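Asks: Provided herewith: model26.pdb, PDB, C-alpha atoms and all ligand atoms.
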```
ATOM      1  CA  MET A  15     -73.472 -11.523  24.646
ATOM      2  CA  PHE A  16     -71.301 -13.213  27.254
ATOM      3  CA  ARG A  17     -68.048 -11.574  28.310
ATOM      4  CA  ARG A  18     -65.529 -12.421  30.933
ATOM      5  CA  LEU A  19     -64.930 -10.003  33.751
ATOM      6  CA  PRO A  20     -61.807  -7.945  33.063
ATOM      7  CA  ASP A  21     -60.228  -8.905  36.386
ATOM      8  CA  ASP A  22     -60.524 -12.682  35.784
ATOM      9  CA  THR A  23     -56.961 -13.880  36.415
ATOM     10  CA  ARG A  24     -57.620 -17.620  36.551
ATOM     11  CA  PRO A  25     -55.174 -19.717  34.503
ATOM     12  CA  ALA A  26     -56.104 -20.450  30.886
ATOM     13  CA  VAL A  27     -57.201 -23.954  29.861
ATOM     14  CA  THR A  28     -57.370 -25.037  26.210
ATOM     15  CA  ILE A  29     -60.092 -27.427  25.092
ATOM     16  CA  ASP A  30     -60.752 -28.915  21.647
ATOM     17  CA  LEU A  31     -64.188 -27.920  20.402
ATOM     18  CA  ASP A  32     -65.052 -29.655  17.116
ATOM     19  CA  GLY A  33     -61.377 -29.644  16.191
ATOM     20  CA  GLU A  34     -60.713 -26.004  17.097
ATOM     21  CA  ALA A  35     -58.778 -24.809  20.120
ATOM     22  CA  VAL A  36     -60.915 -22.798  22.546
ATOM     23  CA  THR A  37     -59.412 -21.000  25.505
ATOM     24  CA  ALA A  38     -61.345 -21.370  28.736
ATOM     25  CA  ARG A  39     -60.488 -20.538  32.345
ATOM     26  CA  GLU A  40     -59.695 -22.981  35.095
ATOM     27  CA  GLY A  41     -62.924 -23.723  36.959
ATOM     28  CA  ASP A  42     -65.212 -22.964  34.011
ATOM     29  CA  THR A  43     -67.876 -25.461  33.133
ATOM     30  CA  VAL A  44     -67.850 -26.618  29.525
ATOM     31  CA  ALA A  45     -71.091 -24.693  28.958
ATOM     32  CA  ALA A  46     -69.593 -21.465  30.339
ATOM     33  CA  ALA A  47     -66.486 -21.902  28.196
ATOM     34  CA  VAL A  48     -68.574 -22.492  25.074
ATOM     35  CA  LEU A  49     -70.781 -19.470  25.731
ATOM     36  CA  ALA A  50     -67.775 -17.249  26.486
ATOM     37  CA  ALA A  51     -66.197 -18.392  23.212
ATOM     38  CA  GLY A  52     -69.265 -17.201  21.305
ATOM     39  CA  VAL A  53     -70.111 -20.585  19.824
ATOM     40  CA  GLY A  54     -73.413 -20.537  17.941
ATOM     41  CA  HIS A  55     -74.988 -23.664  19.437
ATOM     42  CA  THR A  56     -74.120 -26.769  21.426
ATOM     43  CA  ARG A  57     -76.545 -29.244  19.856
ATOM     44  CA  THR A  58     -79.468 -29.596  17.482
ATOM     45  CA  THR A  59     -82.733 -31.225  18.519
ATOM     46  CA  PRO A  60     -83.551 -34.789  17.398
ATOM     47  CA  VAL A  61     -87.013 -33.886  16.048
ATOM     48  CA  SER A  62     -86.811 -30.467  14.367
ATOM     49  CA  GLY A  63     -83.058 -30.017  14.059
ATOM     50  CA  LYS A  64     -83.287 -26.601  15.729
ATOM     51  CA  PRO A  65     -80.110 -25.294  17.372
ATOM     52  CA  ARG A  66     -79.977 -25.144  21.164
ATOM     53  CA  LEU A  67     -77.719 -23.418  23.691
ATOM     54  CA  PRO A  68     -77.214 -23.898  27.427
ATOM     55  CA  TYR A  69     -80.100 -22.234  29.246
ATOM     56  CA  CYS A  70     -80.389 -22.928  32.967
ATOM     57  CA  MET A  71     -76.677 -23.566  33.707
ATOM     58  CA  MET A  72     -77.661 -25.721  36.689
ATOM     59  CA  GLY A  73     -78.474 -29.182  35.344
ATOM     60  CA  VAL A  74     -82.229 -28.824  34.884
ATOM     61  CA  CYS A  75     -83.076 -28.093  31.220
ATOM     62  CA  PHE A  76     -80.737 -30.483  29.349
ATOM     63  CA  ASP A  77     -80.310 -27.983  26.505
ATOM     64  CA  CYS A  78     -76.541 -28.144  26.948
ATOM     65  CA  LEU A  79     -76.041 -31.792  25.955
ATOM     66  CA  MET A  80     -72.664 -32.327  24.266
ATOM     67  CA  GLU A  81     -70.213 -35.107  23.574
ATOM     68  CA  ILE A  82     -67.384 -34.713  26.072
ATOM     69  CA  ASP A  83     -64.278 -36.888  25.846
ATOM     70  CA  GLY A  84     -66.146 -39.325  23.612
ATOM     71  CA  VAL A  85     -69.198 -39.689  25.851
ATOM     72  CA  PRO A  86     -72.419 -38.333  24.287
ATOM     73  CA  ASN A  87     -75.345 -36.685  26.081
ATOM     74  CA  ARG A  88     -73.324 -35.092  28.877
ATOM     75  CA  GLN A  89     -74.636 -31.946  30.487
ATOM     76  CA  ALA A  90     -71.989 -29.352  29.609
ATOM     77  CA  CYS A  91     -73.106 -27.118  32.480
ATOM     78  CA  MET A  92     -72.218 -29.825  35.018
ATOM     79  CA  VAL A  93     -68.707 -30.671  33.760
ATOM     80  CA  ARG A  94     -65.639 -28.535  34.456
ATOM     81  CA  VAL A  95     -63.052 -28.006  31.734
ATOM     82  CA  ARG A  96     -59.624 -29.539  31.905
ATOM     83  CA  GLU A  97     -56.613 -29.150  29.636
ATOM     84  CA  GLY A  98     -56.904 -31.154  26.420
ATOM     85  CA  MET A  99     -60.570 -32.068  26.863
ATOM     86  CA  THR A 100     -62.384 -32.895  23.619
ATOM     87  CA  VAL A 101     -65.874 -31.490  23.178
ATOM     88  CA  ARG A 102     -68.196 -32.051  20.243
ATOM     89  CA  ARG A 103     -71.523 -30.501  19.334
ATOM     90  CA  GLN A 104     -74.331 -33.004  18.977
ATOM     91  CA  SER A 105     -76.597 -33.229  15.935
ATOM     92  CA  GLY A 106     -79.902 -34.922  16.627
ATOM     93  CA  ALA A 107     -80.264 -37.999  18.825
ATOM     94  CA  ARG A 108     -77.315 -39.925  20.162
ATOM     95  CA  GLY A 109     -77.158 -43.505  21.292
ATOM     96  CA  VAL A 110     -77.031 -44.620  24.883
ATOM     97  CA  VAL A 111     -73.603 -45.574  26.215
ATOM     98  CA  ALA A 112     -73.591 -48.521  28.602
TER      99      ALA A 112
HETATM  100  S1  LIG B 201     -77.865 -25.629  30.741
HETATM  101 FE1  LIG B 201     -79.629 -26.571  31.560
HETATM  102  S2  LIG B 201     -79.004 -28.586  32.045
HETATM  103 FE2  LIG B 201     -77.214 -27.605  31.337
END
```
Starting from the file, give its structure as structure tokens.
Replies:
Amino acid sequence: MFRRLPDDTRPAVTIDLDGEAVTAREGDTVAAAVLAAGVGHTRTTPVSGKPRLPYCMMGVCFDCLMEIDGVPNRQACMVRVREGMTVRRQSGARGVVA
């Protein structure tokens, strides 16, 4: 559903998504990189367990919550990728990090 423009010449950035290498582009948000990679979902809901994907891409809906570099509940649409970043899908509720 999501495809990169053919003339996108930005340098490649590799992130670790649930233990698998995913190639993103410099300047991508984590949410954009995940959608471009064709990943099925970014989290499941705490109540029903239904899969969710980034929706608004501007920090409003919170459907993009992921664990990024060990910190849960981060909005993937508000964080830019960097080389070696670790990203994990979330299943259900996560604790609060102080
Ligand atoms: S996609 Fe809506 S807050 Fe990130």
Asks: As lines of an AutoDock Vina configuration file, please report the centre and edge lengths, rounded to one decimal in Å, of the axis-aligned box that holds all listed atoms of ligand LIG 201 (chain B) with 4 Å of padding on each of the six sides.
Replies:
```
center_x = -78.4
center_y = -27.1
center_z = 31.4
size_x = 10.4
size_y = 11.0
size_z = 9.3
```
Asks: What residues come out when you apply the PyMOL selection byres (((not hetatm)) within 9 of (chain B and resi 201)) to this file, written as a ChimeraX atom specification?
Replies: /A:45,67-79,88-92
Asks: Thr23 (chain A): which residues within 12 Å, counting all atoms listed in the file, same-chain residues fewer than 6 positions away excluded, as a ChimeraX atom specification?
Replies: /A:38-41
Asks: For the selection just defined, write its residues with C-alpha atoms to a file, as a PDB file, keeping the file's coordinate frame.
Replies:
```
ATOM      1  CA  ALA A  38     -61.345 -21.370  28.736  1.00  0.00           C
ATOM      2  CA  ARG A  39     -60.488 -20.538  32.345  1.00  0.00           C
ATOM      3  CA  GLU A  40     -59.695 -22.981  35.095  1.00  0.00           C
ATOM      4  CA  GLY A  41     -62.924 -23.723  36.959  1.00  0.00           C
TER       5      GLY A  41
END
```
Asks: Write out as a ChimeraX atom specification the residues lying within 9 Å of Arg57 (chain A), counting only C-alpha atoms and excluding same-chain residues fewer than 6 positions away.
Replies: /A:63-67,77-80,102-106
Asks: Please enumerate the residues selected by the PyMOL selection byres (((chain A and resi 33) around 12) and not hetatm) when evaluated against the supplied file, formatted as a ChimeraX atom specification.
Replies: /A:28-32,34-36,98-103
Asks: Fewer than 5 positions away in the same chain doesn't count, so skip those; otherwise give me all residues within 6 Å of Val44 (chain A), counting all atoms listed in the file, as a VMD selection string.
Replies: chain A and resid 90 93 to 95
Asks: Any idea what the distance is between CA of Thr59 (chain A) and CA of Arg108 (chain A)?
Replies: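 These two atoms are separated by 10.4 Å.
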Asks: Given the file shown, enumerate the residues that the PyMOL selection byres (((chain A and resi 18) around 12) and not hetatm) captures and present them as a list of chain:residue names.
Replies: A:Met15, A:Phe16, A:Arg17, A:Leu19, A:Pro20, A:Asp21, A:Asp22, A:Thr23, A:Arg24, A:Thr37, A:Ala38, A:Arg39, A:Asp42, A:Ala46, A:Ala47, A:Leu49, A:Ala50, A:Ala51, A:Gly52
Asks: What does the structure give for the distance between CA of Val61 (chain A) and CA of Gly109 (chain A), in Å to one decimal?
Replies: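 Interatomic distance here is 14.7 Å.
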Asks: Find the distance between CA of Thr43 (chain A) and CA of Val27 (chain A) and write it in Å to one decimal.
Replies: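 We find that CA of Thr43 (chain A) and CA of Val27 (chain A) lie 11.3 Å from each other.
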